[in-house]
file query.tsv (TSV, C-alpha atoms (C1' of nucleotides))
chain	number	residue	atom	x	y	z
A	1	MET	CA	-41.86	-23.05	-47.77
A	2	LEU	CA	-40.73	-20.87	-44.90
A	3	GLY	CA	-38.51	-19.08	-47.38
A	4	LEU	CA	-41.38	-18.42	-49.76
A	5	LEU	CA	-43.67	-17.30	-46.96
A	6	SER	CA	-41.01	-14.95	-45.67
A	7	ALA	CA	-41.66	-12.83	-48.77
A	8	GLY	CA	-45.34	-12.49	-47.87
A	9	PRO	CA	-48.43	-14.56	-47.02
A	10	ALA	CA	-49.71	-17.13	-49.49
A	11	SER	CA	-52.05	-20.09	-49.74
A	12	GLY	CA	-51.02	-23.65	-50.38
A	13	TYR	CA	-52.14	-23.21	-53.94
A	14	ASP	CA	-49.99	-20.09	-54.36
A	15	LEU	CA	-46.98	-21.93	-53.00
A	16	LEU	CA	-47.65	-24.81	-55.35
A	17	LYS	CA	-47.60	-22.46	-58.31
A	18	THR	CA	-44.38	-20.90	-57.13
A	19	PHE	CA	-42.77	-24.31	-56.79
A	20	GLU	CA	-43.89	-25.23	-60.28
A	21	LEU	CA	-42.84	-21.98	-61.85
A	22	SER	CA	-39.60	-20.99	-60.27
A	23	LEU	CA	-38.35	-23.61	-57.87
A	24	GLU	CA	-38.95	-26.76	-59.83
A	25	ASN	CA	-35.34	-26.92	-60.95
A	26	VAL	CA	-34.06	-26.75	-57.41
A	27	TRP	CA	-36.71	-28.30	-55.25
A	28	PRO	CA	-39.70	-29.95	-56.92
A	29	ALA	CA	-42.68	-30.58	-54.67
A	30	THR	CA	-46.10	-32.10	-55.13
A	31	GLN	CA	-49.34	-30.82	-53.74
A	32	SER	CA	-49.81	-33.69	-51.32
A	33	GLN	CA	-46.49	-32.90	-49.74
A	34	LEU	CA	-47.13	-29.22	-49.73
A	35	TYR	CA	-50.45	-29.28	-47.92
A	36	ALA	CA	-49.25	-31.92	-45.48
A	37	GLU	CA	-46.18	-29.86	-44.73
A	38	LEU	CA	-48.23	-26.69	-44.24
A	39	GLY	CA	-50.29	-28.52	-41.65
A	40	ARG	CA	-47.16	-29.72	-39.90
A	41	LEU	CA	-45.58	-26.28	-39.89
A	42	ALA	CA	-48.78	-24.79	-38.51
A	43	LYS	CA	-48.83	-27.36	-35.72
A	44	GLU	CA	-45.25	-26.49	-34.85
A	45	GLY	CA	-46.12	-22.81	-34.80
A	46	LEU	CA	-43.78	-21.83	-37.62
A	47	VAL	CA	-46.63	-20.64	-39.83
A	48	ARG	CA	-50.14	-19.44	-39.05
A	49	VAL	CA	-53.39	-19.04	-40.98
A	50	ALA	CA	-53.58	-15.30	-41.48
A	51	ALA	CA	-56.84	-15.07	-43.40
A	52	GLU	CA	-59.44	-17.21	-45.10
A	53	GLY	CA	-60.55	-16.34	-48.58
A	54	PRO	CA	-63.03	-17.63	-51.13
A	55	ARG	CA	-63.12	-21.33	-52.10
A	56	GLY	CA	-61.82	-22.37	-48.72
A	57	ARG	CA	-58.59	-20.57	-49.37
A	58	LYS	CA	-56.37	-20.39	-46.33
A	59	GLU	CA	-53.69	-17.78	-46.47
A	60	TYR	CA	-50.68	-18.70	-44.42
A	61	GLU	CA	-48.09	-16.34	-43.03
A	62	ILE	CA	-44.77	-17.04	-41.41
A	63	THR	CA	-44.50	-16.46	-37.66
A	64	GLU	CA	-41.56	-15.00	-35.75
A	65	GLU	CA	-40.60	-18.55	-34.73
A	66	GLY	CA	-40.75	-19.49	-38.38
A	67	ARG	CA	-38.43	-16.65	-39.36
A	68	THR	CA	-36.00	-17.62	-36.65
A	69	GLU	CA	-36.07	-21.21	-37.80
A	70	LEU	CA	-35.54	-20.15	-41.41
A	71	ARG	CA	-32.49	-18.04	-40.58
A	72	HIS	CA	-31.17	-20.86	-38.45
A	73	TRP	CA	-31.54	-23.32	-41.29
A	74	LEU	CA	-30.02	-20.94	-43.83
A	75	VAL	CA	-26.74	-20.31	-42.10
A	76	GLU	CA	-26.25	-22.85	-39.33
A	77	VAL	CA	-27.46	-26.17	-40.66
A	78	PRO	CA	-24.74	-27.63	-42.89
A	79	PRO	CA	-25.93	-28.22	-46.46
A	80	THR	CA	-26.17	-31.87	-47.37
A	81	LEU	CA	-24.03	-32.81	-50.33
A	82	THR	CA	-26.18	-33.94	-53.20
A	83	ARG	CA	-25.41	-37.53	-53.76
A	84	ARG	CA	-27.07	-40.12	-55.89
A	85	SER	CA	-26.65	-39.46	-59.54
A	86	ASP	CA	-27.84	-42.29	-61.71
A	87	MET	CA	-26.24	-40.49	-64.63
A	88	LEU	CA	-22.85	-40.94	-63.02
A	89	LEU	CA	-23.60	-44.39	-61.66
A	90	ARG	CA	-24.12	-45.64	-65.18
A	91	VAL	CA	-20.71	-44.40	-66.18
A	92	PHE	CA	-19.14	-46.88	-63.76
A	93	PHE	CA	-20.68	-49.78	-65.62
A	94	LEU	CA	-20.38	-48.48	-69.13
A	95	ASP	CA	-17.81	-51.10	-70.05
A	96	GLN	CA	-20.71	-53.55	-70.07
A	97	VAL	CA	-22.12	-52.15	-73.28
A	98	GLY	CA	-19.01	-51.70	-75.40
A	99	THR	CA	-17.25	-48.55	-76.54
A	100	ASP	CA	-19.75	-47.67	-79.21
A	101	ALA	CA	-22.82	-47.54	-77.00
A	102	ALA	CA	-20.78	-45.94	-74.22
A	103	ARG	CA	-19.71	-43.14	-76.50
A	104	GLY	CA	-23.31	-42.72	-77.56
A	105	TYR	CA	-24.42	-42.41	-73.97
A	106	LEU	CA	-21.85	-39.71	-73.25
A	107	GLU	CA	-22.68	-37.82	-76.41
A	108	ARG	CA	-26.32	-37.79	-75.45
A	109	LEU	CA	-25.37	-36.43	-72.05
A	110	ALA	CA	-23.49	-33.62	-73.76
A	111	GLU	CA	-26.47	-32.81	-75.95
A	112	ARG	CA	-28.78	-32.76	-73.01
A	113	ALA	CA	-26.46	-30.44	-71.12
A	114	VAL	CA	-26.47	-28.03	-74.07
A	115	HIS	CA	-30.23	-28.16	-74.17
A	116	GLU	CA	-30.56	-27.41	-70.47
A	117	HIS	CA	-28.02	-24.64	-70.79
A	118	ASP	CA	-30.09	-23.03	-73.53
A	119	GLN	CA	-33.21	-23.28	-71.43
A	120	LEU	CA	-31.49	-21.50	-68.57
A	121	LEU	CA	-30.32	-18.78	-70.93
A	122	GLY	CA	-33.94	-18.36	-71.93
A	123	ILE	CA	-34.96	-18.00	-68.33
A	124	ARG	CA	-32.27	-15.42	-67.79
A	125	GLU	CA	-33.58	-13.35	-70.69
A	126	PHE	CA	-37.02	-13.63	-69.25
A	127	VAL	CA	-36.31	-12.58	-65.68
A	128	ILE	CA	-33.80	-9.88	-66.50
A	129	GLY	CA	-34.26	-6.80	-64.38
A	130	GLN	CA	-37.05	-8.22	-62.26
A	131	GLY	CA	-37.25	-7.71	-58.49
A	132	ASP	CA	-35.19	-5.51	-56.24
A	133	ASP	CA	-31.41	-5.53	-55.93
A	134	ALA	CA	-31.03	-8.27	-53.34
A	135	LEU	CA	-33.63	-10.63	-54.82
A	136	ARG	CA	-32.24	-10.21	-58.31
A	137	LEU	CA	-28.74	-10.85	-57.06
A	138	TYR	CA	-29.55	-14.16	-55.41
A	139	GLY	CA	-31.73	-15.27	-58.29
A	140	ASP	CA	-28.84	-14.42	-60.60
A	141	ILE	CA	-26.42	-16.37	-58.49
A	142	ALA	CA	-28.62	-19.45	-58.52
A	143	LEU	CA	-29.10	-19.17	-62.28
A	144	GLU	CA	-25.39	-18.77	-62.80
A	145	TRP	CA	-24.84	-22.01	-60.94
A	146	GLY	CA	-27.10	-23.76	-63.38
A	147	LEU	CA	-25.30	-22.22	-66.33
A	148	ARG	CA	-21.88	-23.20	-65.04
A	149	LEU	CA	-23.03	-26.70	-64.13
A	150	THR	CA	-24.52	-27.41	-67.53
A	151	ALA	CA	-21.48	-25.93	-69.29
A	152	ALA	CA	-19.18	-28.11	-67.20
A	153	GLN	CA	-21.31	-31.13	-67.94
A	154	ARG	CA	-21.16	-30.52	-71.67
A	155	ASP	CA	-17.37	-30.11	-71.60
A	156	TRP	CA	-16.93	-33.16	-69.45
A	157	ALA	CA	-19.21	-35.37	-71.54
A	158	GLU	CA	-17.48	-34.32	-74.74
A	159	TRP	CA	-14.09	-34.93	-73.20
A	160	ALA	CA	-15.24	-38.33	-71.94
A	161	ALA	CA	-16.65	-39.30	-75.34
A	162	GLY	CA	-13.26	-38.38	-76.78
A	163	ARG	CA	-11.48	-40.64	-74.31
A	164	VAL	CA	-13.77	-43.50	-75.21
A	165	ALA	CA	-13.18	-42.87	-78.89
A	166	ALA	CA	-9.43	-43.01	-78.24
A	167	LEU	CA	-9.82	-46.37	-76.53
A	168	GLU	CA	-11.91	-47.58	-79.45
A	169	HIS	CA	-9.20	-46.52	-81.86
A	170	GLU	CA	-6.50	-48.18	-79.80
A	171	LYS	CA	-8.41	-51.43	-79.71
A	172	ALA	CA	-8.98	-51.32	-83.44
A	173	GLU	CA	-5.24	-50.86	-84.02
A	174	GLN	CA	-4.39	-53.76	-81.80
A	175	ALA	CA	-6.88	-55.92	-83.63
A	176	GLY	CA	-5.39	-54.80	-86.92
A	177	ALA	CA	-1.86	-55.56	-85.80
A	178	GLU	CA	-2.62	-59.14	-84.82
B	1	MET	CA	-26.17	-54.05	-57.87
B	2	LEU	CA	-26.46	-55.70	-61.25
B	3	GLY	CA	-23.53	-53.59	-62.33
B	4	LEU	CA	-21.40	-54.74	-59.43
B	5	LEU	CA	-22.38	-58.35	-59.90
B	6	SER	CA	-21.56	-58.14	-63.59
B	7	ALA	CA	-17.89	-57.96	-62.53
B	8	GLY	CA	-18.16	-61.23	-60.62
B	9	PRO	CA	-20.18	-63.00	-57.93
B	10	ALA	CA	-20.43	-61.49	-54.46
B	11	SER	CA	-22.42	-61.75	-51.26
B	12	GLY	CA	-24.70	-59.07	-49.88
B	13	TYR	CA	-21.99	-58.20	-47.42
B	14	ASP	CA	-19.43	-57.82	-50.19
B	15	LEU	CA	-21.74	-55.54	-52.09
B	16	LEU	CA	-22.33	-53.50	-48.97
B	17	LYS	CA	-18.59	-52.96	-48.57
B	18	THR	CA	-18.27	-51.96	-52.18
B	19	PHE	CA	-21.04	-49.44	-51.82
B	20	GLU	CA	-19.39	-48.00	-48.73
B	21	LEU	CA	-15.95	-47.90	-50.23
B	22	SER	CA	-16.31	-46.83	-53.78
B	23	LEU	CA	-19.89	-45.99	-54.67
B	24	GLU	CA	-20.90	-43.97	-51.63
B	25	ASN	CA	-20.28	-40.71	-53.47
B	26	VAL	CA	-22.55	-41.71	-56.29
B	27	TRP	CA	-25.13	-44.03	-54.83
B	28	PRO	CA	-25.20	-44.61	-51.07
B	29	ALA	CA	-27.15	-47.66	-49.91
B	30	THR	CA	-27.99	-49.21	-46.58
B	31	GLN	CA	-27.85	-52.89	-45.76
B	32	SER	CA	-31.60	-53.21	-45.29
B	33	GLN	CA	-32.12	-51.96	-48.79
B	34	LEU	CA	-29.39	-54.09	-50.17
B	35	TYR	CA	-30.57	-57.41	-48.81
B	36	ALA	CA	-34.18	-56.62	-49.64
B	37	GLU	CA	-33.18	-55.73	-53.18
B	38	LEU	CA	-31.09	-58.88	-53.58
B	39	GLY	CA	-34.15	-60.91	-52.62
B	40	ARG	CA	-36.29	-59.03	-55.11
B	41	LEU	CA	-33.73	-59.43	-57.91
B	42	ALA	CA	-33.48	-63.13	-57.16
B	43	LYS	CA	-37.25	-63.50	-57.33
B	44	GLU	CA	-37.25	-61.76	-60.70
B	45	GLY	CA	-34.52	-64.06	-61.92
B	46	LEU	CA	-31.96	-61.32	-62.53
B	47	VAL	CA	-29.55	-62.75	-59.98
B	48	ARG	CA	-29.06	-66.24	-58.58
B	49	VAL	CA	-27.42	-67.77	-55.51
B	50	ALA	CA	-24.29	-69.33	-56.93
B	51	ALA	CA	-22.75	-70.76	-53.77
B	52	GLU	CA	-23.16	-70.81	-50.04
B	53	GLY	CA	-20.20	-70.15	-47.78
B	54	PRO	CA	-19.52	-70.04	-44.05
B	55	ARG	CA	-21.66	-67.91	-41.72
B	56	GLY	CA	-24.67	-68.30	-43.95
B	57	ARG	CA	-22.88	-66.44	-46.69
B	58	LYS	CA	-24.81	-66.49	-49.94
B	59	GLU	CA	-22.84	-65.66	-52.99
B	60	TYR	CA	-24.94	-64.15	-55.73
B	61	GLU	CA	-24.17	-64.04	-59.39
B	62	ILE	CA	-25.85	-62.18	-62.20
B	63	THR	CA	-27.91	-64.19	-64.67
B	64	GLU	CA	-28.19	-63.70	-68.41
B	65	GLU	CA	-31.53	-61.96	-67.86
B	66	GLY	CA	-29.79	-59.72	-65.35
B	67	ARG	CA	-27.10	-58.80	-67.84
B	68	THR	CA	-29.69	-58.00	-70.45
B	69	GLU	CA	-31.60	-55.86	-68.00
B	70	LEU	CA	-28.41	-54.06	-66.98
B	71	ARG	CA	-27.50	-53.23	-70.57
B	72	HIS	CA	-31.03	-52.10	-71.19
B	73	TRP	CA	-30.94	-49.76	-68.21
B	74	LEU	CA	-27.52	-48.42	-69.11
B	75	VAL	CA	-28.29	-47.23	-72.58
B	76	GLU	CA	-32.03	-47.15	-73.10
B	77	VAL	CA	-33.56	-45.80	-69.90
B	78	PRO	CA	-33.16	-42.02	-69.91
B	79	PRO	CA	-31.13	-40.74	-66.94
B	80	THR	CA	-33.17	-38.73	-64.48
B	81	LEU	CA	-31.88	-35.23	-64.01
B	82	THR	CA	-30.70	-34.74	-60.46
B	83	ARG	CA	-32.82	-32.10	-58.92
B	84	ARG	CA	-33.18	-31.02	-55.34
B	85	SER	CA	-30.19	-29.22	-54.05
B	86	ASP	CA	-30.74	-27.71	-50.64
B	87	MET	CA	-27.44	-25.91	-51.10
B	88	LEU	CA	-28.91	-24.03	-54.04
B	89	LEU	CA	-32.32	-23.64	-52.47
B	90	ARG	CA	-30.79	-21.69	-49.63
B	91	VAL	CA	-29.26	-19.26	-52.08
B	92	PHE	CA	-32.76	-18.17	-53.11
B	93	PHE	CA	-33.55	-17.06	-49.59
B	94	LEU	CA	-30.18	-15.67	-48.65
B	95	ASP	CA	-31.50	-12.11	-48.58
B	96	GLN	CA	-33.21	-13.10	-45.33
B	97	VAL	CA	-29.95	-13.13	-43.41
B	98	GLY	CA	-28.21	-10.02	-44.68
B	99	THR	CA	-25.19	-9.62	-46.93
B	100	ASP	CA	-22.66	-10.49	-44.26
B	101	ALA	CA	-24.04	-13.90	-43.38
B	102	ALA	CA	-24.85	-14.55	-47.03
B	103	ARG	CA	-21.26	-13.92	-48.02
B	104	GLY	CA	-20.16	-16.22	-45.20
B	105	TYR	CA	-22.40	-18.97	-46.48
B	106	LEU	CA	-20.99	-18.72	-49.98
B	107	GLU	CA	-17.42	-18.62	-48.74
B	108	ARG	CA	-18.00	-21.76	-46.75
B	109	LEU	CA	-19.39	-23.42	-49.87
B	110	ALA	CA	-16.19	-22.50	-51.70
B	111	GLU	CA	-14.06	-23.94	-48.91
B	112	ARG	CA	-16.03	-27.11	-48.88
B	113	ALA	CA	-15.69	-27.48	-52.63
B	114	VAL	CA	-11.92	-27.13	-52.31
B	115	HIS	CA	-11.91	-29.74	-49.60
B	116	GLU	CA	-13.92	-32.19	-51.66
B	117	HIS	CA	-11.73	-31.51	-54.65
B	118	ASP	CA	-8.64	-32.39	-52.61
B	119	GLN	CA	-10.24	-35.58	-51.41
B	120	LEU	CA	-10.96	-36.61	-54.97
B	121	LEU	CA	-7.37	-35.87	-55.94
B	122	GLY	CA	-6.34	-38.17	-53.10
B	123	ILE	CA	-8.57	-40.90	-54.44
B	124	ARG	CA	-7.08	-40.46	-57.89
B	125	GLU	CA	-3.57	-40.92	-56.52
B	126	PHE	CA	-4.75	-43.98	-54.72
B	127	VAL	CA	-6.45	-45.77	-57.60
B	128	ILE	CA	-3.95	-44.80	-60.28
B	129	GLY	CA	-3.13	-47.66	-62.57
B	130	GLN	CA	-5.63	-50.08	-61.07
B	131	GLY	CA	-7.84	-52.34	-63.13
B	132	ASP	CA	-7.79	-53.01	-66.84
B	133	ASP	CA	-8.05	-50.43	-69.60
B	134	ALA	CA	-11.82	-50.17	-69.83
B	135	LEU	CA	-12.48	-50.22	-66.09
B	136	ARG	CA	-9.82	-47.61	-65.43
B	137	LEU	CA	-11.17	-45.41	-68.18
B	138	TYR	CA	-14.72	-45.28	-66.82
B	139	GLY	CA	-13.52	-44.88	-63.26
B	140	ASP	CA	-11.35	-42.02	-64.47
B	141	ILE	CA	-14.25	-40.43	-66.28
B	142	ALA	CA	-16.44	-40.56	-63.18
B	143	LEU	CA	-13.66	-39.14	-61.04
B	144	GLU	CA	-13.03	-36.39	-63.55
B	145	TRP	CA	-16.67	-35.40	-63.26
B	146	GLY	CA	-16.24	-34.97	-59.52
B	147	LEU	CA	-13.11	-32.91	-60.05
B	148	ARG	CA	-14.75	-30.63	-62.58
B	149	LEU	CA	-17.88	-30.27	-60.50
B	150	THR	CA	-16.02	-29.29	-57.35
B	151	ALA	CA	-13.78	-26.92	-59.27
B	152	ALA	CA	-16.81	-25.27	-60.85
B	153	GLN	CA	-18.48	-25.02	-57.47
B	154	ARG	CA	-15.45	-23.31	-55.97
B	155	ASP	CA	-15.25	-20.79	-58.82
B	156	TRP	CA	-18.94	-20.12	-58.67
B	157	ALA	CA	-19.06	-19.69	-54.89
B	158	GLU	CA	-16.12	-17.32	-54.96
B	159	TRP	CA	-17.66	-15.36	-57.79
B	160	ALA	CA	-20.98	-15.22	-55.92
B	161	ALA	CA	-19.32	-14.08	-52.70
B	162	GLY	CA	-17.71	-11.32	-54.73
B	163	ARG	CA	-21.07	-10.23	-56.09
B	164	VAL	CA	-22.50	-10.11	-52.60
B	165	ALA	CA	-19.52	-8.10	-51.42
B	166	ALA	CA	-20.11	-5.65	-54.25
B	167	LEU	CA	-23.71	-5.23	-53.16
B	168	GLU	CA	-22.54	-4.72	-49.59
B	169	HIS	CA	-20.14	-2.02	-50.73
B	170	GLU	CA	-22.80	-0.32	-52.83
B	171	LYS	CA	-25.17	-0.22	-49.90
B	172	ALA	CA	-22.50	1.19	-47.61
B	173	GLU	CA	-21.81	3.98	-50.11
B	174	GLN	CA	-25.47	4.83	-50.39
B	175	ALA	CA	-25.75	4.95	-46.61
B	176	GLY	CA	-22.68	7.20	-46.45
B	177	ALA	CA	-24.04	9.55	-49.10
B	178	GLU	CA	-27.32	10.16	-47.29
C	1	DT	C1'	-8.92	-71.91	-25.33
C	2	DC	C1'	-11.35	-67.96	-25.03
C	3	DG	C1'	-13.04	-63.84	-26.48
C	4	DC	C1'	-13.21	-60.09	-29.64
C	5	DG	C1'	-13.86	-58.22	-33.99
C	6	DA	C1'	-15.16	-58.97	-38.54
C	7	DC	C1'	-18.35	-61.48	-41.25
C	8	DA	C1'	-23.16	-62.12	-42.56
C	9	DT	C1'	-28.16	-61.86	-42.94
C	10	DG	C1'	-32.70	-60.60	-41.70
C	11	DT	C1'	-36.81	-57.75	-39.83
C	12	DC	C1'	-39.36	-53.72	-38.37
C	13	DA	C1'	-41.34	-49.13	-37.68
C	14	DA	C1'	-41.41	-44.60	-39.22
C	15	DC	C1'	-41.11	-41.28	-42.58
C	16	DC	C1'	-41.02	-39.08	-47.04
C	17	DC	C1'	-42.48	-38.84	-51.51
C	18	DA	C1'	-44.98	-39.22	-56.05
C	19	DG	C1'	-49.09	-39.60	-58.37
C	20	DG	C1'	-53.64	-39.74	-58.66
C	21	DA	C1'	-58.53	-39.52	-57.27
C	22	DA	C1'	-62.24	-37.05	-55.23
C	23	DT	C1'	-64.51	-32.89	-54.21
C	24	DG	C1'	-66.04	-28.56	-54.40
C	25	DT	C1'	-66.10	-23.16	-55.25
C	26	DA	C1'	-65.67	-18.73	-57.54
C	27	DC	C1'	-64.85	-15.96	-61.55
C	28	DG	C1'	-64.98	-14.42	-66.21
C	29	DA	C1'	-66.33	-14.70	-70.93
C	30	DT	C1'	-69.92	-15.47	-74.13
D	1	DA	C1'	-77.58	-17.40	-67.44
D	2	DT	C1'	-74.30	-20.78	-67.84
D	3	DC	C1'	-70.33	-23.16	-68.71
D	4	DG	C1'	-65.54	-23.82	-68.63
D	5	DT	C1'	-61.40	-22.81	-66.31
D	6	DA	C1'	-58.72	-21.72	-62.64
D	7	DC	C1'	-58.72	-21.91	-57.80
D	8	DA	C1'	-58.26	-24.76	-53.66
D	9	DT	C1'	-58.04	-28.55	-50.48
D	10	DT	C1'	-58.02	-33.37	-48.74
D	11	DC	C1'	-57.21	-38.27	-48.80
D	12	DC	C1'	-55.24	-42.66	-50.36
D	13	DT	C1'	-52.11	-46.04	-52.00
D	14	DG	C1'	-47.73	-47.78	-53.05
D	15	DG	C1'	-42.94	-47.57	-53.00
D	16	DG	C1'	-38.42	-46.04	-51.54
D	17	DT	C1'	-35.31	-44.77	-47.47
D	18	DT	C1'	-33.41	-44.66	-43.10
D	19	DG	C1'	-31.97	-46.35	-38.80
D	20	DA	C1'	-32.38	-49.41	-35.30
D	21	DC	C1'	-32.80	-53.89	-33.67
D	22	DA	C1'	-32.01	-58.87	-33.69
D	23	DT	C1'	-29.32	-62.87	-34.44
D	24	DG	C1'	-25.80	-65.72	-35.23
D	25	DT	C1'	-20.97	-67.58	-36.97
D	26	DC	C1'	-16.15	-67.82	-38.11
D	27	DG	C1'	-11.14	-66.89	-37.48
D	28	DC	C1'	-7.33	-65.23	-35.22
D	29	DG	C1'	-4.37	-63.51	-31.75
D	30	DA	C1'	-3.25	-63.31	-26.79
call {"tool": "encode", "arguments": {"input": "query.tsv", "output": "structure tokens"}}
result
Amino acid sequence: MLGLLSAGPASGYDLLKTFELSLENVWPATQSQLYAELGRLAKEGLVRVAAEGPRGRKEYEITEEGRTELRHWLVEVPPTLTRRSDMLLRVFFLDQVGTDAARGYLERLAERAVHEHDQLLGIREFVIGQGDDALRLYGDIALEWGLRLTAAQRDWAEWAAGRVAALEHEKAEQAGAE
Amino acid sequence: MLGLLSAGPASGYDLLKTFELSLENVWPATQSQLYAELGRLAKEGLVRVAAEGPRGRKEYEITEEGRTELRHWLVEVPPTLTRRSDMLLRVFFLDQVGTDAARGYLERLAERAVHEHDQLLGIREFVIGQGDDALRLYGDIALEWGLRLTAAQRDWAEWAAGRVAALEHEKAEQAGAE
DNA sequence: TCGCGACATGTCAACCCAGGAATGTACGAT
DNA sequence: ATCGTACATTCCTGGGTTGACATGTCGCGA
């Protein structure tokens, strides 16, 4: 939220829209959280109500303290590694369902990765050439991460399905040889 | 937990150790959660106390219902896409700190990816040849995902740092030409 | 035999988060 | 003029998470 407000003042509703439109792939947020957090940030002096508009609209702007805190967070606070992937957790227990279903699971993962990849390509077409140099660059970089991640996931899932198929084949041969 | 118990009975403490040792990269859990969850699973009839040992040790085993539920979850419940990466979120706001610090951030991400990659390679050396065919295969597949992910992250971060450097250069030229 | 470290479980407060319900206002199109 | 839609905020409930605290037992080595 400090990051969004650093680009200019906005209301809670504006921020909500931004989260839904452009940040939902990276950091989804709900309105309850958003408004609560705005209140908290205001109490800590990191944001301030700059103006009140129609319909009770409160336009928030970032304060100097807020900017300092944002820069601090950006470069000094170590990023937390994203853990907890139920997609990967399932893989560990895939031997419980047999090679056939396991292969199916992995193939579906591959398909989904392709689908997400396509969606990101669509977004890239859509945002092409928007914003100034710096903004476009960092948006591009984030998008590229998504593209590479989904591509890697597709390759991996296909490779994994192949490995499972090989095991299936091996088992079938052993059964045949007995 | 059902997945772990499907490999054989264990106490809450055993499960905790397993989470710490081998699942912490995929699904970290704390003891409070673990014991609470064991109680819940027992109440739902998905696990059962099989034996009691010294020190109040309660050995749980998975029930038939539990196995059914596990298989159901593995193949029928759609995996949730992992969102929320503060690492990526920061990228969006990197223009707030200038090209120099931004490049530094990305370079540190690349270093960290290399470090994680090396750790995973170490794990692979360590677990090589353990377990039976199926178990080894799925462990391998999960590990391979980590390897590919960290490799992709390194490539991406280096590529991104290069892009930022290019922007830096461009700006410097413009400043010189004025 | 004595004490330490590993084994083992349980409880609690605080926080974050998702989703939904409730409430109301202003604007634009017909 | 009015009606629907978008704007805009607040509150509530339930569930997941974390981290700390509390308690106690067994086994082994000095």
call {"tool": "axis_aligned_box", "arguments": {"input": "query.tsv", "around": "range 25-29 of chain C", "padding_each_side": "6 Å", "output": "JSON"}}
result
{"center_x": -65.6, "center_y": -18.8, "center_z": -63.1, "size_x": 13.5, "size_y": 20.7, "size_z": 27.7}
call {"tool": "interface_residues", "arguments": {"input": "query.tsv", "of": "chain A", "to": "chain D", "cutoff": "12 Å", "atoms": "only C-alpha atoms (C1' of nucleotides)", "output": "ChimeraX atom specification"}}
result
/A:11-17,31-36,38-39,52-59
call {"tool": "interface_residues", "arguments": {"input": "query.tsv", "of": "chain C", "to": "chain A", "cutoff": "10 Å", "atoms": "all atoms listed in the file", "output": "PyMOL selection string"}}
result
chain C and resi 16-19+24-26
call {"tool": "closest_residue", "arguments": {"input": "query.tsv", "among": "B:Ala161, B:Ile62, B:Ala110, B:Ala42", "to": "Ser6 in chain B", "atoms": "all atoms listed in the file"}}
result
B:Ile62
call {"tool": "closest_residue", "arguments": {"input": "query.tsv", "among": "B:Leu149, B:Val164, B:Leu89, B:Ala102", "to": "Glu116 in chain B", "atoms": "only C-alpha atoms"}}
result
B:Leu149
call {"tool": "atom_distance", "arguments": {"input": "query.tsv", "atom1": "CA of His117 in chain A", "atom2": "CA of Arg154 in chain B"}}
result
19.5 Å
call {"tool": "residues_around", "arguments": {"input": "query.tsv", "residues": "Thr150 in chain B", "least_positions_apart": "6", "cutoff": "10 Å", "atoms": "only C-alpha atoms (C1' of nucleotides)", "output": "ChimeraX atom specification"}}
result
/B:110,112-118,120,144,156
call {"tool": "residues_around", "arguments": {"input": "query.tsv", "residues": "Met87 in chain B", "least_positions_apart": "4", "cutoff": "12 Å", "atoms": "only C-alpha atoms (C1' of nucleotides)", "output": "MDAnalysis selection string"}}
result
(chainID A and resid 26:27 73:75 77:82 142 145) or (chainID B and resid 83 91:94 105:106 108:110 112:113 153 157)
call {"tool": "closest_residue", "arguments": {"input": "query.tsv", "among": "A:Ala151, A:Val97, A:Val127, A:Ala165", "to": "chain B", "atoms": "all atoms listed in the file"}}
result
A:Val97
call {"tool": "residues_around", "arguments": {"input": "query.tsv", "residues": "Val47 in chain A", "least_positions_apart": "5", "cutoff": "10 Å", "atoms": "all atoms listed in the file", "output": "PyMOL selection string"}}
result
chain A and resi 1-2+5-6+9+38-42+60-67
call {"tool": "atom_distance", "arguments": {"input": "query.tsv", "atom1": "CA of Gly139 in chain B", "atom2": "CA of Glu178 in chain A"}}
result
28.1 Å
call {"tool": "atom_distance", "arguments": {"input": "query.tsv", "atom1": "CA of Arg124 in chain B", "atom2": "CA of His72 in chain B"}}
result
29.8 Å
